[in-house]
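**Q** This is the content of input_4.pdb (PDB, C-alpha atoms and all ligand atoms):
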MODEL        1
ATOM      1  CA  VAL A 187     117.423  72.186 117.400
ATOM      2  CA  PRO A 188     116.329  75.518 118.924
ATOM      3  CA  ASP A 189     114.356  75.537 122.167
ATOM      4  CA  ARG A 190     110.630  75.672 121.685
ATOM      5  CA  GLU A 191     108.632  78.223 123.613
ATOM      6  CA  PRO A 192     105.366  79.898 122.714
ATOM      7  CA  ILE A 193     105.405  83.477 121.504
ATOM      8  CA  GLU A 194     104.879  86.109 124.167
ATOM      9  CA  PRO A 195     102.567  87.914 124.179
ATOM     10  CA  ARG A 196     100.520  84.997 123.005
ATOM     11  CA  VAL A 197      98.560  85.955 119.923
ATOM     12  CA  VAL A 198      94.990  84.768 119.725
ATOM     13  CA  PRO A 199      93.888  84.086 116.143
ATOM     14  CA  ARG A 200      90.800  85.890 114.971
ATOM     15  CA  PRO A 201      88.192  84.046 112.917
ATOM     16  CA  THR A 202      88.804  84.240 109.178
ATOM     17  CA  GLY A 203      86.702  86.737 107.254
ATOM     18  CA  SER A 204      87.496  89.615 109.603
ATOM     19  CA  GLU A 205      90.558  90.839 107.711
ATOM     20  CA  GLY A 206      88.823  93.820 106.139
ATOM     21  CA  ASP A 207      89.408  95.174 102.642
ATOM     22  CA  ARG A 208      92.585  94.972 100.603
ATOM     23  CA  THR A 209      94.262  98.118 101.920
ATOM     24  CA  GLU A 210      93.816  96.858 105.481
ATOM     25  CA  ARG A 211      95.588  93.626 104.698
ATOM     26  CA  ARG A 212      98.819  93.081 106.604
ATOM     27  CA  TYR A 213     101.578  90.522 106.373
ATOM     28  CA  LEU A 214     104.006  89.330 109.026
ATOM     29  CA  ALA A 215     107.487  89.297 107.495
ATOM     30  CA  ILE A 216     110.434  87.422 108.997
ATOM     31  CA  ASP A 217     113.963  87.206 107.615
ATOM     32  CA  LEU A 218     116.372  84.658 109.067
ATOM     33  CA  GLY A 219     119.828  85.995 108.243
ATOM     34  CA  VAL A 220     123.050  84.233 109.108
ATOM     35  CA  SER A 221     123.947  86.839 111.732
ATOM     36  CA  ARG A 222     120.637  88.532 112.521
ATOM     37  CA  LEU A 223     116.895  87.963 112.738
ATOM     38  CA  ALA A 224     114.485  90.596 111.403
ATOM     39  CA  ALA A 225     110.709  90.854 111.586
ATOM     40  CA  GLY A 226     108.118  93.371 110.495
ATOM     41  CA  VAL A 227     104.534  94.046 109.565
ATOM     42  CA  VAL A 228     103.952  95.070 105.940
ATOM     43  CA  ASP A 229     100.769  96.303 104.253
ATOM     44  CA  ASP A 230      99.383  95.248 100.879
ATOM     45  CA  ASP A 231     101.098  98.150  99.121
ATOM     46  CA  GLY A 232     104.503  96.967 100.323
ATOM     47  CA  ARG A 233     104.884  99.588 103.048
ATOM     48  CA  ILE A 234     106.777  98.361 106.105
ATOM     49  CA  LEU A 235     104.701  99.584 109.056
ATOM     50  CA  VAL A 236     106.762  98.082 111.870
ATOM     51  CA  ARG A 237     110.209  96.550 111.883
ATOM     52  CA  ASP A 238     112.680  95.255 114.411
ATOM     53  CA  ARG A 239     115.815  93.115 114.381
ATOM     54  CA  VAL A 240     118.179  91.349 116.733
ATOM     55  CA  THR A 241     121.590  89.750 116.424
ATOM     56  CA  THR A 242     121.162  85.989 116.161
ATOM     57  CA  PRO A 243     122.074  84.661 119.611
ATOM     58  CA  ALA A 244     124.454  81.717 119.908
ATOM     59  CA  ARG A 245     121.836  79.736 121.871
ATOM     60  CA  HIS A 246     118.069  79.850 122.428
ATOM     61  CA  VAL A 247     117.415  81.135 118.919
ATOM     62  CA  TRP A 248     113.756  80.155 118.793
ATOM     63  CA  PRO A 249     112.805  82.061 121.986
ATOM     64  CA  ALA A 250     114.688  85.091 120.611
ATOM     65  CA  LEU A 251     112.732  84.853 117.370
ATOM     66  CA  THR A 252     109.364  84.433 119.064
ATOM     67  CA  ARG A 253     110.033  87.440 121.332
ATOM     68  CA  LEU A 254     110.930  89.496 118.265
ATOM     69  CA  VAL A 255     107.769  88.400 116.445
ATOM     70  CA  GLY A 256     105.673  89.097 119.530
ATOM     71  CA  ARG A 257     107.083  92.628 119.695
ATOM     72  CA  VAL A 258     106.350  93.526 116.084
ATOM     73  CA  LEU A 259     102.852  92.036 116.248
ATOM     74  CA  ALA A 260     102.135  94.022 119.410
ATOM     75  CA  ALA A 261     103.391  97.184 117.675
ATOM     76  CA  SER A 262     101.275  96.695 114.524
ATOM     77  CA  PRO A 263      99.289  99.942 114.058
ATOM     78  CA  ASP A 264      95.523  99.960 114.687
ATOM     79  CA  ASP A 265      95.732  96.434 116.026
ATOM     80  CA  VAL A 266      95.120  95.028 112.534
ATOM     81  CA  ARG A 267      96.202  91.418 112.528
ATOM     82  CA  PRO A 268      98.295  90.009 109.635
ATOM     83  CA  VAL A 269      96.581  87.434 107.411
ATOM     84  CA  ALA A 270      99.709  85.358 106.757
ATOM     85  CA  ALA A 271     103.398  85.132 107.606
ATOM     86  CA  GLY A 272     106.380  84.821 105.278
ATOM     87  CA  VAL A 273     109.827  83.587 106.290
ATOM     88  CA  SER A 274     112.848  84.140 104.052
ATOM     89  CA  CYS A 275     116.162  82.482 104.765
ATOM     90  CA  VAL A 276     119.441  81.278 103.319
ATOM     91  CA  GLY A 277     118.807  78.386 100.962
ATOM     92  CA  PRO A 278     118.269  75.610 100.386
ATOM     93  CA  VAL A 279     114.888  75.044 102.005
ATOM     94  CA  ASP A 280     113.331  71.666 102.752
ATOM     95  CA  HIS A 281     109.816  72.494 101.565
ATOM     96  CA  ALA A 282     108.335  69.159 102.597
ATOM     97  CA  ALA A 283     109.540  69.474 106.200
ATOM     98  CA  GLY A 284     109.179  73.260 106.296
ATOM     99  CA  SER A 285     112.725  73.681 107.551
ATOM    100  CA  VAL A 286     115.870  75.602 106.678
ATOM    101  CA  ASN A 287     118.732  73.501 105.329
ATOM    102  CA  ALA A 288     121.520  76.013 104.788
ATOM    103  CA  PRO A 289     124.955  74.880 105.992
ATOM    104  CA  GLN A 290     125.621  78.368 107.459
ATOM    105  CA  VAL A 291     122.695  78.171 109.890
ATOM    106  CA  PRO A 292     122.994  74.734 111.534
ATOM    107  CA  THR A 293     120.837  75.902 114.431
ATOM    108  CA  TRP A 294     117.725  75.642 112.221
ATOM    109  CA  HIS A 295     118.463  72.206 110.727
ATOM    110  CA  GLY A 296     115.720  69.691 111.335
ATOM    111  CA  PHE A 297     113.546  72.296 113.057
ATOM    112  CA  ALA A 298     110.071  72.520 111.471
ATOM    113  CA  ILE A 299     110.067  76.290 111.646
ATOM    114  CA  ARG A 300     107.132  76.706 109.248
ATOM    115  CA  ASP A 301     104.827  74.580 111.413
ATOM    116  CA  GLU A 302     106.193  75.905 114.707
ATOM    117  CA  LEU A 303     105.601  79.481 113.604
ATOM    118  CA  ALA A 304     102.123  78.629 112.355
ATOM    119  CA  GLU A 305     101.363  77.123 115.731
ATOM    120  CA  ALA A 306     102.835  80.028 117.668
ATOM    121  CA  THR A 307     101.146  82.794 115.653
ATOM    122  CA  GLY A 308      97.981  81.110 114.385
ATOM    123  CA  LEU A 309      98.894  82.276 110.879
ATOM    124  CA  PRO A 310      99.521  80.329 107.674
ATOM    125  CA  VAL A 311     103.283  80.471 106.997
ATOM    126  CA  GLU A 312     105.241  80.450 103.741
ATOM    127  CA  LEU A 313     108.949  79.609 103.883
ATOM    128  CA  ASP A 314     111.379  80.173 101.012
ATOM    129  CA  THR A 315     114.876  81.353 100.145
ATOM    130  CA  GLY A 316     115.770  85.029 100.169
ATOM    131  CA  GLY A 317     116.437  84.997  96.427
ATOM    132  CA  ARG A 318     113.066  83.521  95.561
ATOM    133  CA  ALA A 319     111.436  85.943  98.014
ATOM    134  CA  LEU A 320     113.215  88.847  96.309
ATOM    135  CA  ALA A 321     111.837  87.765  92.922
ATOM    136  CA  GLN A 322     108.282  87.783  94.267
ATOM    137  CA  ALA A 323     108.745  91.150  95.989
ATOM    138  CA  GLU A 324     110.065  92.779  92.829
ATOM    139  CA  ALA A 325     107.125  91.404  90.818
ATOM    140  CA  TRP A 326     104.654  92.610  93.457
ATOM    141  CA  CYS A 327     105.766  96.194  94.120
ATOM    142  CA  GLY A 328     109.346  96.624  92.906
ATOM    143  CA  ARG A 329     111.316  96.890  89.676
ATOM    144  CA  ALA A 330     109.650  93.967  87.902
ATOM    145  CA  VAL A 331     105.960  94.903  88.119
ATOM    146  CA  ASP A 332     104.261  93.734  84.891
ATOM    147  CA  ARG A 333     107.475  92.030  83.773
ATOM    148  CA  PRO A 334     106.683  88.362  83.141
ATOM    149  CA  ASP A 335     110.299  87.393  82.441
ATOM    150  CA  PHE A 336     113.145  88.448  84.716
ATOM    151  CA  VAL A 337     115.837  87.211  87.068
ATOM    152  CA  ALA A 338     116.282  88.346  90.676
ATOM    153  CA  LEU A 339     119.786  88.070  92.110
ATOM    154  CA  LEU A 340     120.257  88.444  95.861
ATOM    155  CA  VAL A 341     123.871  89.210  96.726
ATOM    156  CA  GLY A 342     123.940  89.218 100.508
ATOM    157  CA  ASP A 343     125.941  87.067 102.924
ATOM    158  CA  THR A 344     125.410  84.403 100.287
ATOM    159  CA  VAL A 345     124.257  84.626  96.683
ATOM    160  CA  GLU A 346     120.739  83.402  95.908
ATOM    161  CA  GLY A 347     118.266  84.046  93.175
ATOM    162  CA  GLY A 348     114.893  83.523  91.609
ATOM    163  CA  ILE A 349     113.866  83.113  87.969
ATOM    164  CA  VAL A 350     110.460  84.292  86.754
ATOM    165  CA  ALA A 351     109.403  82.971  83.335
ATOM    166  CA  GLY A 352     106.037  83.659  81.777
ATOM    167  CA  GLY A 353     104.911  85.313  85.020
ATOM    168  CA  ARG A 354     105.687  82.269  87.141
ATOM    169  CA  LEU A 355     108.542  81.643  89.548
ATOM    170  CA  LEU A 356     110.463  78.560  88.436
ATOM    171  CA  GLN A 357     110.078  75.926  91.145
ATOM    172  CA  GLY A 358     112.347  72.978  90.354
ATOM    173  CA  ARG A 359     112.079  69.478  91.756
ATOM    174  CA  SER A 360     112.661  70.470  95.396
ATOM    175  CA  GLY A 361     111.346  74.039  95.135
ATOM    176  CA  ASN A 362     114.809  75.595  95.220
ATOM    177  CA  ALA A 363     115.174  76.637  91.561
ATOM    178  CA  GLY A 364     117.068  79.871  90.950
ATOM    179  CA  ASP A 365     120.043  79.369  93.254
ATOM    180  CA  LEU A 366     122.409  81.372  91.073
ATOM    181  CA  GLY A 367     125.197  81.429  93.646
ATOM    182  CA  HIS A 368     126.731  78.305  92.196
ATOM    183  CA  LEU A 369     127.067  79.390  88.607
ATOM    184  CA  VAL A 370     130.746  78.943  87.764
ATOM    185  CA  VAL A 371     132.243  82.340  86.932
ATOM    186  CA  GLU A 372     135.950  81.490  87.108
ATOM    187  CA  GLY A 373     137.453  78.259  85.807
ATOM    188  CA  GLU A 374     139.715  76.623  88.430
ATOM    189  CA  GLY A 375     138.668  79.398  90.802
ATOM    190  CA  ARG A 376     138.250  79.794  94.535
ATOM    191  CA  PRO A 377     136.800  76.850  96.481
ATOM    192  CA  CYS A 378     133.101  77.193  97.310
ATOM    193  CA  ARG A 379     131.117  75.932 100.294
ATOM    194  CA  CYS A 380     129.116  73.754  97.859
ATOM    195  CA  GLY A 381     132.201  71.625  97.119
ATOM    196  CA  GLY A 382     132.843  73.207  93.731
ATOM    197  CA  PHE A 383     135.347  75.799  92.554
ATOM    198  CA  GLY A 384     134.896  79.205  90.975
ATOM    199  CA  CYS A 385     131.246  79.695  91.967
ATOM    200  CA  LEU A 386     129.734  83.192  92.003
ATOM    201  CA  ASP A 387     129.106  82.840  95.742
ATOM    202  CA  ALA A 388     132.826  82.388  96.415
ATOM    203  CA  TYR A 389     133.539  85.769  94.760
ATOM    204  CA  ALA A 390     130.462  87.912  95.314
ATOM    205  CA  GLY A 391     128.884  86.577  98.519
ATOM    206  CA  GLY A 392     129.329  89.027 101.394
ATOM    207  CA  ALA A 393     130.626  86.342 103.741
ATOM    208  CA  SER A 394     133.212  85.198 101.171
ATOM    209  CA  ILE A 395     134.343  88.779 100.499
ATOM    210  CA  GLU A 396     134.672  89.622 104.199
ATOM    211  CA  ALA A 397     136.633  86.415 104.811
ATOM    212  CA  GLU A 398     138.958  87.246 101.928
ATOM    213  CA  THR A 399     139.502  90.943 102.723
ATOM    214  CA  ASN A 400     139.276  90.635 106.507
ATOM    215  CA  ARG A 401     137.260  93.871 106.705
ATOM    216  CA  PRO A 402     133.585  94.864 106.513
ATOM    217  CA  LEU A 403     131.936  95.226 103.095
ATOM    218  CA  ARG A 404     131.761  99.026 103.396
ATOM    219  CA  ARG A 405     135.554  99.161 103.519
ATOM    220  CA  ALA A 406     136.245  96.746 100.676
ATOM    221  CA  PRO A 407     139.010  97.916  98.318
ATOM    222  CA  SER A 408     137.941  99.195  94.913
ATOM    223  CA  ALA A 409     139.636  96.251  93.185
ATOM    224  CA  ILE A 410     137.278  93.902  95.046
ATOM    225  CA  ILE A 411     134.249  96.015  94.081
ATOM    226  CA  GLU A 412     135.351  95.893  90.446
ATOM    227  CA  ARG A 413     135.944  92.134  90.573
ATOM    228  CA  THR A 414     132.559  91.572  92.210
ATOM    229  CA  GLY A 415     130.854  93.488  89.405
ATOM    230  CA  ILE A 416     132.729  91.436  86.810
ATOM    231  CA  MET A 417     131.779  88.123  88.439
ATOM    232  CA  VAL A 418     128.145  89.164  88.854
ATOM    233  CA  ALA A 419     128.095  90.169  85.176
ATOM    234  CA  ARG A 420     129.506  86.794  84.099
ATOM    235  CA  ALA A 421     126.737  85.032  85.971
ATOM    236  CA  ILE A 422     124.096  87.381  84.578
ATOM    237  CA  ALA A 423     125.359  86.925  81.018
ATOM    238  CA  SER A 424     125.104  83.141  81.381
ATOM    239  CA  VAL A 425     121.687  83.056  82.975
ATOM    240  CA  ALA A 426     120.197  85.745  80.718
ATOM    241  CA  ALA A 427     121.279  83.812  77.638
ATOM    242  CA  MET A 428     119.920  80.597  79.113
ATOM    243  CA  VAL A 429     116.473  81.771  80.220
ATOM    244  CA  ASP A 430     116.010  84.650  77.724
ATOM    245  CA  VAL A 431     115.363  87.669  79.919
ATOM    246  CA  ARG A 432     116.103  91.367  79.485
ATOM    247  CA  LEU A 433     115.703  92.435  83.110
ATOM    248  CA  VAL A 434     117.882  91.410  86.065
ATOM    249  CA  VAL A 435     117.209  92.906  89.492
ATOM    250  CA  VAL A 436     120.189  92.823  91.859
ATOM    251  CA  ALA A 437     119.731  93.445  95.590
ATOM    252  CA  GLY A 438     121.287  92.646  98.942
ATOM    253  CA  ALA A 439     123.989  93.797 101.330
ATOM    254  CA  VAL A 440     126.798  93.661  98.738
ATOM    255  CA  PRO A 441     125.264  95.997  96.112
ATOM    256  CA  ALA A 442     123.988  98.167  98.990
ATOM    257  CA  ALA A 443     127.568  98.546 100.260
ATOM    258  CA  PHE A 444     129.323  98.754  96.882
ATOM    259  CA  GLY A 445     126.745 100.954  95.117
ATOM    260  CA  GLN A 446     127.076 102.404  91.627
ATOM    261  CA  PRO A 447     130.762 101.446  91.088
ATOM    262  CA  MET A 448     129.727  97.787  91.232
ATOM    263  CA  PHE A 449     126.847  98.323  88.790
ATOM    264  CA  ASP A 450     129.191 100.235  86.450
ATOM    265  CA  ALA A 451     131.564  97.253  86.488
ATOM    266  CA  VAL A 452     128.613  94.964  85.727
ATOM    267  CA  ASP A 453     127.629  97.068  82.717
ATOM    268  CA  ARG A 454     131.176  97.225  81.350
ATOM    269  CA  GLU A 455     131.604  93.470  81.588
ATOM    270  CA  LEU A 456     128.181  92.767  80.065
ATOM    271  CA  GLU A 457     129.056  94.918  77.098
ATOM    272  CA  GLN A 458     131.830  92.454  76.326
ATOM    273  CA  ARG A 459     129.784  89.349  76.965
ATOM    274  CA  SER A 460     126.184  89.792  75.920
ATOM    275  CA  ARG A 461     126.323  90.583  72.246
ATOM    276  CA  LEU A 462     123.663  88.218  70.993
ATOM    277  CA  VAL A 463     120.791  90.112  69.398
ATOM    278  CA  HIS A 464     118.190  89.105  71.973
ATOM    279  CA  LEU A 465     120.482  90.052  74.864
ATOM    280  CA  ARG A 466     121.260  93.589  73.751
ATOM    281  CA  ARG A 467     119.937  96.234  76.115
ATOM    282  CA  LEU A 468     120.076  93.788  78.972
ATOM    283  CA  LEU A 469     118.947  95.850  81.959
ATOM    284  CA  VAL A 470     120.606  95.286  85.340
ATOM    285  CA  VAL A 471     118.972  97.400  88.054
ATOM    286  CA  PRO A 472     119.187  97.643  91.850
ATOM    287  CA  GLY A 473     116.307  96.089  93.755
ATOM    288  CA  SER A 474     113.761  98.319  95.437
ATOM    289  CA  GLY A 475     113.279  96.750  98.866
ATOM    290  CA  GLY A 476     115.042  94.820 101.596
ATOM    291  CA  PRO A 477     114.609  91.286 102.930
ATOM    292  CA  LEU A 478     111.450  92.098 104.884
ATOM    293  CA  LEU A 479     109.664  93.037 101.674
ATOM    294  CA  GLY A 480     110.675  89.662 100.250
ATOM    295  CA  ALA A 481     109.341  87.854 103.294
ATOM    296  CA  ALA A 482     106.108  89.851 103.018
ATOM    297  CA  ALA A 483     105.846  88.820  99.361
ATOM    298  CA  LEU A 484     105.989  85.180 100.479
ATOM    299  CA  ALA A 485     103.184  85.791 102.976
ATOM    300  CA  ARG A 486     101.156  87.541 100.291
ATOM    301  CA  ALA A 487     101.630  84.640  97.864
ATOM    302  CA  ARG A 488     100.518  82.220 100.567
ATOM    303  CA  HIS A 489      97.417  84.298 101.303
ATOM    304  CA  ARG A 490      96.495  84.645  97.631
ATOM    305  CA  ARG A 491      96.748  80.895  97.119
ATOM    306  CA  ALA A 492      94.397  80.371 100.067
ATOM    307  CA  GLU A 493      91.977  82.947  98.650
ATOM    308  CA  GLU A 494      92.044  81.313  95.226
ATOM    309  CA  SER A 495      91.332  77.854  96.588
ATOM    310  CA  ALA A 496      88.529  79.266  98.767
ATOM    311  CA  THR A 497      87.018  80.925  95.689
ATOM    312  CA  ALA A 498      87.358  77.724  93.683
ATOM    313  CA  ALA A 499      85.679  75.747  96.466
ATOM    314  CA  THR A 500      82.603  78.000  96.442
ATOM    315  CA  GLN A 501      82.193  77.820  92.647
TER     316      GLN A 501
HETATM  317 ZN    ZN A 601     129.276  76.724  94.892
ENDMDL
END
Have the structure of the file written as C-alpha cells, please.
**A**
Amino acid sequence: VPDREPIEPRVVPRPTGSEGDRTERRYLAIDLGVSRLAAGVVDDDGRILVRDRVTTPARHVWPALTRLVGRVLAASPDDVRPVAAGVSCVGPVDHAAGSVNAPQVPTWHGFAIRDELAEATGLPVELDTGGRALAQAEAWCGRAVDRPDFVALLVGDTVEGGIVAGGRLLQGRSGNAGDLGHLVVEGEGRPCRCGGFGCLDAYAGGASIEAETNRPLRRAPSAIIERTGIMVARAIASVAAMVDVRLVVVAGAVPAAFGQPMFDAVDRELEQRSRLVHLRRLLVVPGSGGPLLGAAALARARHRRAEESATAATQ
C-alpha cells in the first residue's frame, strides 16, 4: 500500500456553484500507467491546458502522485479550479472499493485511490480502466462523436477496451465490461498473464511485444508490426460481429509506434474475415487523443452525473 500524504500545495475546495459557464469548466485528468504517472488539466472542449508526467517510482508512489497533481493544479491557467477528477488505469478496477486491481501494478492493490484522491483534492473522482476511458473520450470529442455504436480498443502496455451500444458504455457485473485483451486470437497460442493462451494481449500488448522482441516498440521488426495488425484484426472481426458495430477506434502506445503499416495489416486481415453483409465497410481508425483525454472524459462523466442528479432533485 502506498504511503499516504496530503497533496502539496494543499488545495482548498471552493463552494459549489462557482464553476462558471461551460467553457470555463476544467477537469483534472490522471493516468496511472504501469511505468509512469501522468496528470493534466483539460477544458470542456477536450483541450489539454497543462500536463506533466513522472516515471513511477519503486517506492512512495502516492507522495509522487500527489506532488504531480499539486503541480498541475498550481499551473492551471487563470486559477480556474477543476470540477471533477478522472483516473484511468490498467484494468480491472474494483469499483466498489475504488481501487486498482491490475496484476501489473501491485503497488495500488487494496489502496482506495478514488477516496484518497477525493480527500486530497476536494474533488469528486471517477476511476475506470484506460479502455473504458478511451471509449468515453472518443464519444465526447474524438472519432466517435454522434456514433451510438462503436468499440474502443486501447493497445498500450496492455490491451483494454470499451464497448458503446445504443449510446451507452456497457458496464457488466463488476463495471469492467469491454476488456478485449483476452479475446483468443490464436488457438494454442502464447501464454497470457490471465492464465489463458492465445489472448490478444499476449500478441499485441506493448509489454508482451517488448518482452518478446527485447527492444522498444519503435524498433520492432516489420514482421511483428504485421502480426500485431493481424491479431488486432482477428479480435476486431470477432467483437464487431458479436456487438454489431461499424466503427472501431484503436489508440495507445502500440498503434502510435507502429503507425499506418499496422493499420494496413488490420485492413488486409479484415477483408478476409469480415464478409458478412452487416460488417462490410467496417471502419478501423486511429484514436484522436491520449490517456489524459480519457481520464478527463471520466471526470466529465462524473460531473455530468452529479449535475443530472442535482437537476432531478430540484424538479
Ligand atoms: Zn488473457
**Q** Hey, which residues come within 9 Å of ligand ZN 601 (chain A) if we count only C-alpha atoms and all ligand atoms? Could you give them as a ChimeraX atom specification?
**A** /A:367-370,377-388
**Q** Taking only residues of region 338-366 of chain A that have an atom at most 10 Å from an atom of region 208-220 of chain A, what is each one's shortest atom pair and its distance in Å to one decimal, using all atoms listed in the file, in chain and number order, as a Markdown table?
**A**
| residue | atom | partner | partner_atom | distance |
| --- | --- | --- | --- | --- |
| A:Gly342 | CA | A:Gly219 | CA | 9.3 |
| A:Asp343 | CA | A:Val220 | CA | 7.4 |
| A:Thr344 | CA | A:Val220 | CA | 9.1 |
**Q** For the provided coordinates, the residues matched by the PyMOL selection byres (((chain A and resi 417-420) around 7) and not hetatm) should be stated as a compact mmCIF listing (two decimals) with C-alpha atoms, keeping the file's coordinate frame.
**A**
# COMPACT_ATOMS: atom_id res chain seq x y z
CA VAL A 371 132.24 82.34 86.93
CA LEU A 386 129.73 83.19 92.00
CA TYR A 389 133.54 85.77 94.76
CA ALA A 390 130.46 87.91 95.31
CA ARG A 413 135.94 92.13 90.57
CA THR A 414 132.56 91.57 92.21
CA GLY A 415 130.85 93.49 89.40
CA ILE A 416 132.73 91.44 86.81
CA ALA A 421 126.74 85.03 85.97
CA ILE A 422 124.10 87.38 84.58
CA ALA A 423 125.36 86.92 81.02
CA SER A 424 125.10 83.14 81.38
CA VAL A 452 128.61 94.96 85.73
CA GLU A 455 131.60 93.47 81.59
CA LEU A 456 128.18 92.77 80.06
**Q** Could you expand the PyMOL selection byres (((chain A and resi 227) around 8) and not hetatm) into the explicit residues it covers here, written as JSON, numbers by chain?
**A** {"A": [212, 213, 214, 215, 225, 226, 228, 229, 234, 235, 236, 237, 258, 259, 262, 268, 482]}
**Q** What does the structure give for the distance between CA of Leu320 (chain A) and CA of Phe444 (chain A), in Å to one decimal?
**A**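 Calculated distance between CA of Leu320 (chain A) and CA of Phe444 (chain A) is 18.9 Å.
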**Q** Point out the residue among A:Ala282, A:Ile349, A:Met448, A:Ala496 with the least atom-to-atom distance to Ala330 (chain A), counting all atoms listed in the file.
**A** A:Ile349
**Q** Suppose a student applies the PyMOL selection byres (((chain A and resi 356) around 12) and not hetatm) to this structure; what residues should they get, written as JSON, numbers by chain?
**A** {"A": [317, 318, 321, 322, 334, 335, 336, 337, 338, 347, 348, 349, 350, 351, 352, 353, 354, 355, 357, 358, 359, 360, 361, 362, 363, 364, 365, 429]}
**Q** Let's have the selection written as a compact mmCIF listing (two decimals), keeping the file's coordinate frame, with C-alpha atoms.
**A**
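The result, written out as result-v6.txt:
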# COMPACT_ATOMS: atom_id res chain seq x y z
CA GLY A 317 116.44 85.00 96.43
CA ARG A 318 113.07 83.52 95.56
CA ALA A 321 111.84 87.76 92.92
CA GLN A 322 108.28 87.78 94.27
CA PRO A 334 106.68 88.36 83.14
CA ASP A 335 110.30 87.39 82.44
CA PHE A 336 113.14 88.45 84.72
CA VAL A 337 115.84 87.21 87.07
CA ALA A 338 116.28 88.35 90.68
CA GLY A 347 118.27 84.05 93.18
CA GLY A 348 114.89 83.52 91.61
CA ILE A 349 113.87 83.11 87.97
CA VAL A 350 110.46 84.29 86.75
CA ALA A 351 109.40 82.97 83.34
CA GLY A 352 106.04 83.66 81.78
CA GLY A 353 104.91 85.31 85.02
CA ARG A 354 105.69 82.27 87.14
CA LEU A 355 108.54 81.64 89.55
CA GLN A 357 110.08 75.93 91.14
CA GLY A 358 112.35 72.98 90.35
CA ARG A 359 112.08 69.48 91.76
CA SER A 360 112.66 70.47 95.40
CA GLY A 361 111.35 74.04 95.14
CA ASN A 362 114.81 75.60 95.22
CA ALA A 363 115.17 76.64 91.56
CA GLY A 364 117.07 79.87 90.95
CA ASP A 365 120.04 79.37 93.25
CA VAL A 429 116.47 81.77 80.22
**Q** Compare A:His489, A:Val431, A:Val291, A:Val345 by their minimum atom-to-atom distance to Leu309 (chain A), counting all atoms listed in the file, and give me the closest one.
**A**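 Answer, going by the shortest atom-to-atom distance: A:His489.
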**Q** Expressed in Å to a single decimal, how great is the separation between CA of Asp231 (chain A) and CA of Ala319 (chain A)?
**A**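 CA of Ala319 (chain A) lies 16.0 Å from CA of Asp231 (chain A).
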**Q** To one decimal place, how far is CA of Leu469 (chain A) from CA of Val435 (chain A) in Å?
**A**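 Going from CA of Leu469 (chain A) over to CA of Val435 (chain A) covers 8.3 Å.
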**Q** Just region 421-425 of chain A, please, as a PDB file, in the first residue's frame (only all heavy atoms).
**A**
ATOM      1  N   ALA A 421      -9.328  -9.924 -33.473  1.00  0.00           N
ATOM      2  CA  ALA A 421     -10.155  -9.536 -32.334  1.00  0.00           C
ATOM      3  C   ALA A 421     -11.293  -8.615 -32.776  1.00  0.00           C
ATOM      4  O   ALA A 421     -12.444  -8.776 -32.351  1.00  0.00           O
ATOM      5  CB  ALA A 421      -9.290  -8.844 -31.282  1.00  0.00           C
ATOM      6  N   ILE A 422     -10.966  -7.671 -33.648  1.00  0.00           N
ATOM      7  CA  ILE A 422     -11.985  -6.723 -34.116  1.00  0.00           C
ATOM      8  C   ILE A 422     -13.086  -7.458 -34.883  1.00  0.00           C
ATOM      9  O   ILE A 422     -14.276  -7.177 -34.706  1.00  0.00           O
ATOM     10  CB  ILE A 422     -11.332  -5.631 -34.991  1.00  0.00           C
ATOM     11  CG1 ILE A 422     -10.534  -4.660 -34.106  1.00  0.00           C
ATOM     12  CG2 ILE A 422     -12.379  -4.877 -35.806  1.00  0.00           C
ATOM     13  CD1 ILE A 422      -9.730  -3.627 -34.880  1.00  0.00           C
ATOM     14  N   ALA A 423     -12.676  -8.408 -35.744  1.00  0.00           N
ATOM     15  CA  ALA A 423     -13.677  -9.146 -36.513  1.00  0.00           C
ATOM     16  C   ALA A 423     -14.639  -9.874 -35.575  1.00  0.00           C
ATOM     17  O   ALA A 423     -15.860  -9.867 -35.777  1.00  0.00           O
ATOM     18  CB  ALA A 423     -12.984 -10.142 -37.447  1.00  0.00           C
ATOM     19  N   SER A 424     -14.097 -10.469 -34.517  1.00  0.00           N
ATOM     20  CA  SER A 424     -14.947 -11.212 -33.575  1.00  0.00           C
ATOM     21  C   SER A 424     -15.895 -10.282 -32.834  1.00  0.00           C
ATOM     22  O   SER A 424     -17.098 -10.531 -32.740  1.00  0.00           O
ATOM     23  CB  SER A 424     -14.084 -11.949 -32.555  1.00  0.00           C
ATOM     24  OG  SER A 424     -13.310 -12.928 -33.185  1.00  0.00           O
ATOM     25  N   VAL A 425     -15.341  -9.190 -32.312  1.00  0.00           N
ATOM     26  CA  VAL A 425     -16.171  -8.329 -31.473  1.00  0.00           C
ATOM     27  C   VAL A 425     -17.163  -7.541 -32.319  1.00  0.00           C
ATOM     28  O   VAL A 425     -18.299  -7.301 -31.885  1.00  0.00           O
ATOM     29  CB  VAL A 425     -15.291  -7.422 -30.575  1.00  0.00           C
ATOM     30  CG1 VAL A 425     -14.686  -6.269 -31.334  1.00  0.00           C
ATOM     31  CG2 VAL A 425     -16.089  -6.909 -29.388  1.00  0.00           C
TER      32      VAL A 425
END
